[in-house]
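Listing of model_33.txt, compact mmCIF, C-alpha atoms
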```
# COMPACT_ATOMS: atom_id res chain seq x y z
CA MET A 106 33.47 -16.65 -52.02
CA PRO A 107 30.62 -15.38 -49.78
CA ALA A 108 31.28 -15.67 -46.04
CA ARG A 109 29.76 -18.65 -44.28
CA ILE A 110 29.06 -19.49 -40.66
CA GLU A 111 30.07 -23.04 -39.90
CA ALA A 112 27.60 -24.93 -37.72
CA VAL A 113 28.44 -28.30 -36.21
CA TYR A 114 25.58 -30.68 -35.46
CA LEU A 115 25.63 -34.03 -33.69
CA VAL A 116 23.15 -36.20 -35.54
CA ARG A 117 21.83 -39.66 -34.70
CA ALA A 118 21.52 -41.67 -37.92
CA THR A 119 22.61 -44.79 -39.73
CA ALA A 120 25.65 -44.83 -41.98
CA GLU A 121 23.30 -45.32 -44.94
CA SER A 122 21.09 -42.33 -44.11
CA ILE A 123 23.51 -39.73 -42.73
CA ALA A 124 24.41 -38.09 -46.05
CA ALA A 125 20.76 -37.46 -46.90
CA ARG A 126 20.05 -36.36 -43.33
CA ALA A 127 22.93 -33.85 -43.44
CA ARG A 128 21.67 -32.40 -46.75
CA ALA A 129 18.19 -32.09 -45.25
CA ILE A 130 19.53 -30.14 -42.25
CA ALA A 131 21.50 -27.85 -44.57
CA VAL A 132 18.33 -27.03 -46.51
CA GLU A 133 16.17 -26.76 -43.37
CA GLN A 134 18.55 -24.29 -41.75
CA SER A 135 18.91 -22.11 -44.84
CA VAL A 136 16.06 -21.88 -47.35
CA GLU A 137 13.54 -24.35 -45.83
CA MET A 138 11.98 -25.38 -49.15
CA PRO A 139 12.56 -27.82 -52.01
CA LEU A 140 15.64 -26.83 -53.95
CA SER A 141 13.80 -27.74 -57.14
CA ALA A 142 11.44 -24.82 -56.47
CA ILE A 143 14.24 -22.22 -56.30
CA GLU A 144 14.80 -20.42 -59.61
CA ASP A 145 17.30 -17.82 -58.41
CA GLY A 146 20.78 -19.04 -59.24
CA ARG A 147 22.50 -16.81 -56.67
CA VAL A 148 20.33 -18.22 -53.88
CA LEU A 149 21.21 -21.76 -54.93
CA ARG A 150 24.92 -20.96 -55.03
CA GLU A 151 25.33 -18.60 -52.09
CA VAL A 152 22.43 -18.98 -49.65
CA VAL A 153 21.55 -22.67 -49.55
CA GLY A 154 23.46 -24.42 -46.76
CA GLU A 155 26.35 -26.62 -47.82
CA VAL A 156 27.44 -29.85 -46.15
CA ARG A 157 31.18 -29.53 -45.55
CA ASP A 158 32.02 -32.63 -43.57
CA ILE A 159 30.51 -35.71 -41.96
CA ALA A 160 32.52 -37.51 -39.28
CA ASP A 161 31.47 -40.78 -37.67
CA ARG A 162 31.62 -40.44 -33.87
CA GLY A 163 30.55 -44.04 -33.30
CA ASP A 164 27.42 -45.56 -31.76
CA GLY A 165 25.19 -44.04 -34.45
CA CYS A 166 26.33 -40.43 -33.85
CA PHE A 167 27.79 -38.25 -36.61
CA ALA A 168 29.32 -34.78 -36.46
CA VAL A 169 27.97 -32.82 -39.42
CA ARG A 170 29.57 -29.53 -40.46
CA ILE A 171 27.35 -27.21 -42.48
CA GLY A 172 28.19 -23.82 -43.97
CA LEU A 173 25.40 -21.25 -43.59
CA ALA A 174 25.34 -17.94 -45.43
CA ALA A 175 26.55 -15.16 -43.14
CA GLU A 176 24.36 -12.68 -45.02
CA THR A 177 21.28 -14.32 -43.49
CA VAL A 178 22.39 -13.31 -39.99
CA GLU A 179 24.23 -9.96 -40.13
CA GLY A 180 24.57 -8.77 -36.49
CA ASP A 181 21.25 -10.05 -35.12
CA ALA A 182 21.72 -12.35 -32.11
CA GLY A 183 18.26 -13.87 -32.41
CA GLN A 184 18.72 -14.47 -36.12
CA LEU A 185 22.03 -16.23 -35.44
CA LEU A 186 20.20 -18.70 -33.20
CA ASN A 187 17.36 -18.97 -35.71
CA MET A 188 19.56 -19.73 -38.71
CA ALA A 189 21.80 -22.08 -36.73
CA PHE A 190 19.09 -24.13 -35.02
CA GLY A 191 15.61 -22.65 -35.40
CA ASN A 192 13.77 -25.46 -37.16
CA SER A 193 16.21 -28.29 -36.48
CA SER A 194 15.77 -27.77 -32.73
CA LEU A 195 12.32 -29.30 -33.25
CA GLN A 196 13.85 -32.52 -34.56
CA ASP A 197 14.94 -34.79 -31.74
CA ASP A 198 17.85 -36.43 -33.56
CA VAL A 199 19.95 -33.24 -33.74
CA VAL A 200 22.09 -31.29 -31.24
CA LEU A 201 23.77 -27.98 -32.14
CA ALA A 202 27.33 -28.54 -30.90
CA ASP A 203 29.33 -25.54 -32.11
CA LEU A 204 29.42 -22.43 -34.27
CA VAL A 205 32.43 -20.87 -35.97
CA LEU A 206 31.93 -17.31 -37.22
CA PRO A 207 33.69 -15.82 -40.22
CA GLU A 208 35.71 -12.70 -39.50
CA GLU A 209 33.08 -10.24 -40.73
CA THR A 210 30.36 -11.81 -38.57
CA ALA A 211 32.61 -12.18 -35.52
CA ALA A 212 33.29 -8.43 -35.69
CA LEU A 213 29.56 -7.85 -35.14
CA PHE A 214 29.67 -9.92 -31.93
CA PRO A 215 32.74 -8.50 -30.13
CA GLY A 216 31.92 -10.06 -26.77
CA PRO A 217 31.84 -8.62 -23.24
CA ARG A 218 32.68 -4.96 -22.72
CA HIS A 219 34.12 -5.34 -19.23
CA GLY A 220 35.02 -8.98 -18.69
CA VAL A 221 37.19 -10.24 -15.88
CA ALA A 222 39.19 -7.00 -15.52
CA GLY A 223 36.04 -4.92 -15.21
CA LEU A 224 34.48 -7.24 -12.66
CA ARG A 225 37.67 -7.28 -10.60
CA ALA A 226 37.64 -3.48 -10.63
CA ARG A 227 34.01 -3.38 -9.44
CA ALA A 228 34.84 -5.65 -6.52
CA GLY A 229 38.30 -4.23 -5.78
CA ALA A 230 39.61 -7.80 -6.11
CA PRO A 231 43.30 -8.45 -6.77
CA ARG A 232 44.56 -10.48 -9.70
CA GLY A 233 45.58 -14.03 -8.88
CA ARG A 234 42.57 -14.64 -6.62
CA ALA A 235 39.29 -16.08 -7.81
CA LEU A 236 36.20 -13.94 -7.33
CA THR A 237 33.48 -14.92 -4.86
CA CYS A 238 29.71 -14.66 -5.04
CA SER A 239 26.56 -15.75 -3.26
CA ALA A 240 22.84 -15.36 -3.87
CA LEU A 241 19.90 -13.80 -2.07
CA LYS A 242 17.15 -16.36 -1.60
CA PRO A 243 14.52 -17.69 -1.13
CA GLN A 244 11.67 -16.02 -2.94
CA GLY A 245 8.93 -14.71 -0.70
CA MET A 246 11.21 -12.70 1.61
CA THR A 247 10.53 -8.99 1.97
CA ALA A 248 12.88 -6.31 0.66
CA PRO A 249 14.11 -5.41 4.19
CA ALA A 250 14.73 -9.10 4.96
CA LEU A 251 16.71 -9.56 1.74
CA ALA A 252 18.71 -6.43 2.51
CA ALA A 253 19.53 -7.74 5.99
CA LEU A 254 20.62 -11.04 4.43
CA ALA A 255 22.82 -9.15 1.93
CA ALA A 256 24.50 -7.30 4.81
CA ARG A 257 25.28 -10.53 6.65
CA LEU A 258 26.81 -12.04 3.52
CA ALA A 259 28.76 -8.87 2.78
CA ARG A 260 30.37 -8.88 6.22
CA GLY A 261 31.82 -12.26 5.29
CA GLY A 262 33.95 -10.58 2.61
CA LEU A 263 32.29 -11.58 -0.67
CA ASP A 264 33.01 -9.79 -3.94
CA PHE A 265 29.48 -10.07 -5.40
CA ILE A 266 26.02 -10.74 -4.02
CA LYS A 267 23.41 -11.44 -6.66
CA ASP A 268 19.68 -11.86 -6.60
CA ASP A 269 18.41 -15.38 -6.97
CA HIS A 270 17.18 -15.64 -10.56
CA GLY A 271 13.67 -16.31 -9.24
CA LEU A 272 13.47 -12.82 -7.71
CA ALA A 273 11.58 -10.58 -10.11
CA ASP A 274 9.10 -7.75 -9.50
CA GLN A 275 7.01 -9.73 -7.05
CA ARG A 276 4.72 -8.39 -4.36
CA ALA A 277 6.86 -9.53 -1.43
CA ALA A 278 9.93 -7.62 -2.64
CA PRO A 279 9.23 -5.38 -5.65
CA TYR A 280 12.30 -4.68 -7.76
CA ALA A 281 12.60 -0.98 -6.96
CA ARG A 282 12.15 -1.50 -3.22
CA ARG A 283 14.50 -4.50 -3.13
CA VAL A 284 17.26 -2.76 -5.08
CA ALA A 285 17.08 0.39 -2.95
CA ALA A 286 17.13 -1.62 0.28
CA CYS A 287 19.99 -3.92 -0.72
CA ALA A 288 22.08 -1.08 -2.15
CA ALA A 289 21.65 0.90 1.08
CA ALA A 290 22.55 -2.14 3.19
CA LEU A 291 25.75 -2.77 1.24
CA ARG A 292 26.72 0.93 1.41
CA ALA A 293 26.34 0.73 5.18
CA VAL A 294 28.56 -2.37 5.33
CA ALA A 295 31.15 -0.63 3.15
CA ALA A 296 31.17 2.35 5.51
CA GLU A 297 31.56 -0.02 8.45
CA THR A 298 34.24 -2.33 7.00
CA GLY A 299 35.89 -0.24 4.30
CA ARG A 300 35.22 -2.95 1.74
CA VAL A 301 32.82 -2.57 -1.19
CA VAL A 302 30.68 -5.57 -2.13
CA ALA A 303 28.94 -5.39 -5.52
CA TYR A 304 25.21 -6.11 -5.65
CA VAL A 305 23.81 -7.75 -8.79
CA PRO A 306 20.01 -7.36 -9.12
CA SER A 307 18.09 -9.68 -11.42
CA LEU A 308 16.18 -8.13 -14.34
CA SER A 309 12.77 -9.36 -15.47
CA GLY A 310 9.83 -8.38 -17.63
CA ASP A 311 9.86 -7.01 -21.16
CA LEU A 312 12.67 -4.94 -22.66
CA ASP A 313 11.14 -1.61 -21.62
CA ALA A 314 10.80 -2.83 -18.04
CA MET A 315 14.38 -4.10 -17.99
CA ARG A 316 15.66 -0.78 -19.34
CA ARG A 317 13.92 0.98 -16.44
CA GLN A 318 15.35 -1.54 -13.99
CA VAL A 319 18.92 -1.07 -15.23
CA ALA A 320 18.53 2.71 -15.01
CA LEU A 321 17.19 2.42 -11.46
CA ALA A 322 20.09 0.18 -10.46
CA ARG A 323 22.58 2.64 -11.93
CA ASP A 324 20.94 5.49 -10.02
CA GLU A 325 21.56 3.48 -6.84
CA GLY A 326 25.26 3.28 -7.67
CA ILE A 327 25.05 -0.33 -8.87
CA GLY A 328 27.32 -1.26 -11.78
CA THR A 329 26.34 -4.88 -12.47
CA VAL A 330 23.01 -6.57 -13.26
CA MET A 331 21.86 -10.05 -14.26
CA LEU A 332 19.37 -11.53 -16.68
CA ALA A 333 18.55 -14.95 -18.14
CA PRO A 334 19.05 -14.58 -21.91
CA MET A 335 16.96 -17.63 -22.81
CA ILE A 336 14.00 -16.15 -20.91
CA ALA A 337 14.48 -12.43 -21.58
CA GLY A 338 15.73 -13.03 -25.12
CA VAL A 339 19.22 -12.83 -26.55
CA THR A 340 18.29 -9.72 -28.50
CA SER A 341 17.26 -8.06 -25.22
CA LEU A 342 20.70 -8.81 -23.77
CA ARG A 343 22.32 -7.24 -26.84
CA ALA A 344 20.05 -4.18 -26.62
CA LEU A 345 20.78 -3.61 -22.93
CA VAL A 346 24.53 -4.03 -23.37
CA ALA A 347 24.41 -1.41 -26.15
CA ALA A 348 22.18 0.98 -24.19
CA PHE A 349 24.18 0.81 -20.94
CA PRO A 350 27.87 0.57 -21.87
CA ASP A 351 28.95 1.39 -18.31
CA MET A 352 27.09 -1.59 -16.84
CA ALA A 353 28.38 -5.17 -16.59
CA PHE A 354 26.04 -8.09 -17.21
CA PHE A 355 25.79 -11.54 -15.66
CA ALA A 356 24.03 -14.19 -17.78
CA HIS A 357 21.99 -16.79 -15.89
CA PRO A 358 21.49 -20.20 -17.57
CA ALA A 359 17.78 -20.65 -16.70
CA LEU A 360 15.92 -22.42 -19.54
CA GLY A 361 19.26 -23.12 -21.21
CA GLY A 362 18.53 -26.82 -21.05
CA ALA A 363 15.24 -26.52 -22.92
CA ALA A 364 17.01 -26.45 -26.30
CA ARG A 365 19.43 -29.09 -27.54
CA ILE A 366 22.36 -26.71 -27.79
CA ALA A 367 25.64 -27.86 -26.26
CA PRO A 368 26.21 -25.86 -23.04
CA GLU A 369 29.80 -25.05 -23.98
CA LEU A 370 28.35 -23.32 -27.08
CA LEU A 371 25.25 -21.70 -25.57
CA ILE A 372 26.76 -20.51 -22.28
CA GLY A 373 30.45 -20.56 -23.15
CA LYS A 374 30.27 -18.88 -26.57
CA LEU A 375 26.89 -17.39 -27.42
CA PHE A 376 26.18 -15.58 -24.15
CA PRO A 377 29.63 -13.92 -24.19
CA TRP A 378 29.31 -13.13 -27.91
CA PHE A 379 26.07 -11.34 -27.08
CA GLY A 380 27.72 -9.24 -24.37
CA ALA A 381 27.65 -11.16 -21.07
CA ASP A 382 30.61 -10.26 -18.82
CA ALA A 383 30.03 -13.27 -16.56
CA VAL A 384 28.28 -16.56 -17.32
CA ILE A 385 26.76 -18.69 -14.57
CA PHE A 386 26.60 -22.44 -15.16
CA PRO A 387 26.10 -25.64 -13.14
CA THR A 388 29.48 -27.18 -12.38
CA HIS A 389 30.26 -30.87 -12.51
CA GLY A 390 29.67 -32.83 -9.34
CA GLY A 391 26.77 -30.65 -8.21
CA ARG A 392 23.04 -31.14 -8.53
CA PHE A 393 23.06 -30.88 -12.33
CA GLY A 394 24.47 -33.24 -14.93
CA TYR A 395 27.30 -31.38 -16.70
CA SER A 396 30.51 -33.38 -17.08
CA ALA A 397 33.91 -32.11 -16.01
CA GLU A 398 35.03 -31.92 -19.65
CA THR A 399 31.95 -29.90 -20.63
CA CYS A 400 32.64 -27.46 -17.79
CA ARG A 401 36.31 -27.19 -18.75
CA ARG A 402 35.45 -26.39 -22.39
CA LEU A 403 32.72 -23.96 -21.36
CA ALA A 404 35.03 -22.00 -19.05
CA ALA A 405 37.88 -21.89 -21.58
CA SER A 406 35.55 -20.70 -24.31
CA ALA A 407 34.04 -17.93 -22.18
CA ARG A 408 37.45 -16.60 -21.18
CA GLY A 409 38.59 -16.51 -24.81
CA ILE A 410 35.92 -14.19 -26.16
CA GLY A 411 36.54 -10.44 -26.34
CA ALA A 412 37.56 -9.00 -22.99
CA GLY A 413 37.05 -12.45 -21.50
CA ALA A 414 33.79 -13.41 -19.82
CA VAL A 415 34.16 -14.74 -16.28
CA PRO A 416 33.00 -18.34 -15.82
CA VAL A 417 30.84 -18.62 -12.71
CA PRO A 418 30.47 -22.28 -11.66
CA ALA A 419 27.49 -22.80 -9.37
CA GLY A 420 24.72 -25.28 -8.67
CA GLY A 421 24.98 -26.90 -5.25
CA ILE A 422 28.63 -26.16 -4.47
CA SER A 423 29.71 -26.85 -0.90
CA LEU A 424 32.45 -24.98 0.93
CA ALA A 425 34.44 -28.21 1.13
CA ARG A 426 34.89 -28.17 -2.66
CA THR A 427 36.52 -24.72 -2.82
CA ALA A 428 40.12 -25.85 -3.31
CA GLU A 429 39.12 -28.66 -5.69
CA LEU A 430 37.14 -26.33 -7.95
CA LEU A 431 39.79 -23.62 -7.92
CA ASP A 432 42.41 -26.21 -8.87
CA PHE A 433 40.12 -27.20 -11.73
CA TYR A 434 39.06 -23.73 -12.98
CA GLY A 435 41.97 -21.51 -11.93
CA PRO A 436 41.91 -17.95 -10.57
CA GLU A 437 40.09 -16.27 -13.49
CA THR A 438 36.85 -17.64 -12.09
CA MET A 439 34.03 -16.59 -9.79
CA LEU A 440 32.81 -19.26 -7.38
CA LEU A 441 29.12 -18.94 -6.54
CA ILE A 442 27.99 -20.67 -3.34
CA GLY A 443 24.41 -20.07 -2.29
CA GLY A 444 22.42 -22.63 -0.35
CA SER A 445 25.46 -24.16 1.34
CA LEU A 446 26.25 -20.82 3.00
CA LEU A 447 22.63 -19.98 3.76
CA ASP A 448 22.25 -23.31 5.53
CA ALA A 449 24.56 -21.96 8.25
CA LYS A 450 21.61 -19.83 9.45
CA ALA A 451 22.82 -17.82 12.48
CA GLY A 452 26.42 -18.59 11.50
CA LEU A 453 25.99 -17.20 7.98
CA THR A 454 28.55 -14.40 8.24
CA ALA A 455 31.16 -16.68 9.79
CA GLU A 456 30.54 -19.38 7.15
CA THR A 457 30.82 -16.78 4.39
CA GLU A 458 34.09 -15.57 5.87
CA ARG A 459 35.36 -19.17 5.85
CA PHE A 460 34.54 -19.29 2.14
CA THR A 461 36.30 -16.03 1.25
CA ARG A 462 39.32 -16.96 3.37
CA ALA A 463 39.54 -20.34 1.63
CA VAL A 464 39.58 -18.61 -1.76
CA ALA A 465 42.23 -16.12 -0.62
CA ALA A 466 44.33 -18.93 0.89
CA HIS A 467 44.20 -20.84 -2.36
CA ALA A 468 45.52 -17.81 -4.24
CA TYR A 469 48.36 -17.47 -1.71
CA ARG A 470 49.20 -21.16 -2.05
CA GLN A 471 49.29 -20.86 -5.84
CA GLU A 472 51.66 -17.87 -5.66
CA ALA A 473 53.96 -19.73 -3.28
```
Output the file's structure as structure tokens, nothing else.
Amino acid sequence: MPARIEAVYLVRATAESIAARARAIAVEQSVEMPLSAIEDGRVLREVVGEVRDIADRGDGCFAVRIGLAAETVEGDAGQLLNMAFGNSSLQDDVVLADLVLPEETAALFPGPRHGVAGLRARAGAPRGRALTCSALKPQGMTAPALAALAARLARGGLDFIKDDHGLADQRAAPYARRVAACAAALRAVAAETGRVVAYVPSLSGDLDAMRRQVALARDEGIGTVMLAPMIAGVTSLRALVAAFPDMAFFAHPALGGAARIAPELLIGKLFPWFGADAVIFPTHGGRFGYSAETCRRLAASARGIGAGAVPVPAGGISLARTAELLDFYGPETMLLIGGSLLDAKAGLTAETERFTRAVAAHAYRQEA
């Protein structure tokens, strides 16, 4: 029997119409034409999508499981998204909820190269303690100003300092100048304190530009970079991971809400499948609308793929929530607090140190 990818869709329909609607999705996501027009028997048997199950979720929602021919995807990340949800994403009664890959397809998407162990090594962070991160913002600051901000955050004991995803190759702080300045600032702090803090620059532009940016970062001694796969393209993420096996990659969720793909699938499965070592997502209780259960599933999924991608809850986290979120997510997590720390202004380093001490204290409490 030919291998099939199983796609799960949540479909709004009536009990009378759901069977026909499920068949229509199966055709739309496979051959996209009337079956009566197909004369090739193999295509009809092995390529046309097959409805495997329809489950009533109540309130007019049905979970529809469809088998899609794995041969139509091979190892192409973009084609996986296309065959799973390309046309149906344009139909507002459908959400792509999950994907299950057959063994031969899963082998083509082995997941992150470095994962949690590699990111701990980059930061010199011990096991049993969650990782910490903050962001350089806002846009419009100069490269020297961003570097000075990075130094103040680093003195507070963070593991990672990333660019805000809005920082690109802008006039105020061009990528090359910003990366050189921030890398130099963090080297100076390391020489002063004896503690290395990893800088994570944000990539932008087309694939050729991002290749140059990764190479420049590596030349500066930087081992981790970030991109937004839904903006840069999932195939670009795959290409960069393949081209720079020594580098670790953060995936930012920007534009991830533009498609009706369940976040626990898009961020928790697909981004790690495509090579992300850490996945940033908006945690429950912040300024975005993810539920606690969605966040729990997303984090568990990310950790379970390949070397284990690190879940990075973010999105309006306050220092007061540190213990609560670490109780919820556990130590194999990276907490990202940005604006709440930056709001301390002149007290930024002290506030950052409060954050890192709170994370360390939580690890100690858990061990005890």
- Item | For segment 433-443 of chain A: contacts at 10 Å, all atoms listed in the file, fewer than 3 positions along chain excluded, given as a PyMOL selection string | chain A and resi 221-222+224-225+232-242+263-267+269+383-388+397+400-401+404-405+408+413-424+427-430+446-448+457+460-461+464+467-468+471
- Fewer than 3 positions away in the same chain doesn't count, so skip those; otherwise give me all residues within 9 Å of segment 210-215 of chain A, counting only C-alpha atoms, as a PyMOL selection string. chain A and resi 108-110+175-176+178-182+205-207+218+377-380+410-412
- atom CA of Tyr280 of chain A and atom CA of Arg260 of chain A are how many Å apart?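 If I compute the distance from atom CA of Tyr280 of chain A to atom CA of Arg260 of chain A, I get 23.2 Å.
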- Atomic distance atom CA of Val319 of chain A - atom CA of Gln244 of chain A, expressed in Å with one decimal: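 Between atom CA of Val319 of chain A and atom CA of Gln244 of chain A the gap is 20.7 Å.
Taking atom CA of Val294 of chain A and atom CA of Thr454 of chain A as the two end points, the separation is 12.4 Å.
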- Message: Need the shell around Arg283 of chain A: protein/DNA/RNA residues with any atom at most 12 Å away, counting only C-alpha atoms. Skip same-chain ones fewer than 2 positions apart. Format as an MDAnalysis selection string?
- Response: chainID A and resid 241 244:255 267:268 272:281 285:290 304:308 318 321:322 325
Draw an axis-aligned box over all listed atoms of segment 111-114 of chain A, pad each side with 3 Å, and write its centre and edge lengths in Å, one decimal, as lines of an AutoDock Vina configuration file.
```
center_x = 27.8
center_y = -26.9
center_z = -37.7
size_x = 10.5
size_y = 13.6
size_z = 10.4
```
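In this comparison, which uses all atoms listed in the file, the residue of A:Met335, A:Leu204, A:Ala407, A:Cys166 approaching Gly361 of chain A most closely is A:Met335.
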- Item | Nearest to Phe354 of chain A by atom-to-atom distance, counting all atoms listed in the file, from A:Gly262, A:Gly223, A:Gly310, A:Pro107 |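 Closest to Phe354 of chain A of all the choices is A:Gly223.
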- Contacts of Leu312 of chain A within 8 Å, only C-alpha atoms, excl. fewer than 2 positions in-chain, as a PyMOL selection string: chain A and resi 310+314-316+337+341
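Compared by their closest atoms to Glu121 of chain A, and using only C-alpha atoms, the residues A:Gly394, A:Gly261, A:Pro139, A:Gly165 rank with A:Gly165 nearest.
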- Note on the structure: Counting all atoms listed in the file, the residue among A:Ala367, A:Met352, A:Leu201, A:Ile336 that lies closest to Pro217 of chain A is A:Met352
- Query: Nearest to Val136 of chain A among A:Met106, A:Val116, A:Ile366, A:Met188, with distances taken over only C-alpha atoms: which residue is it?
  - Reply: A:Met188
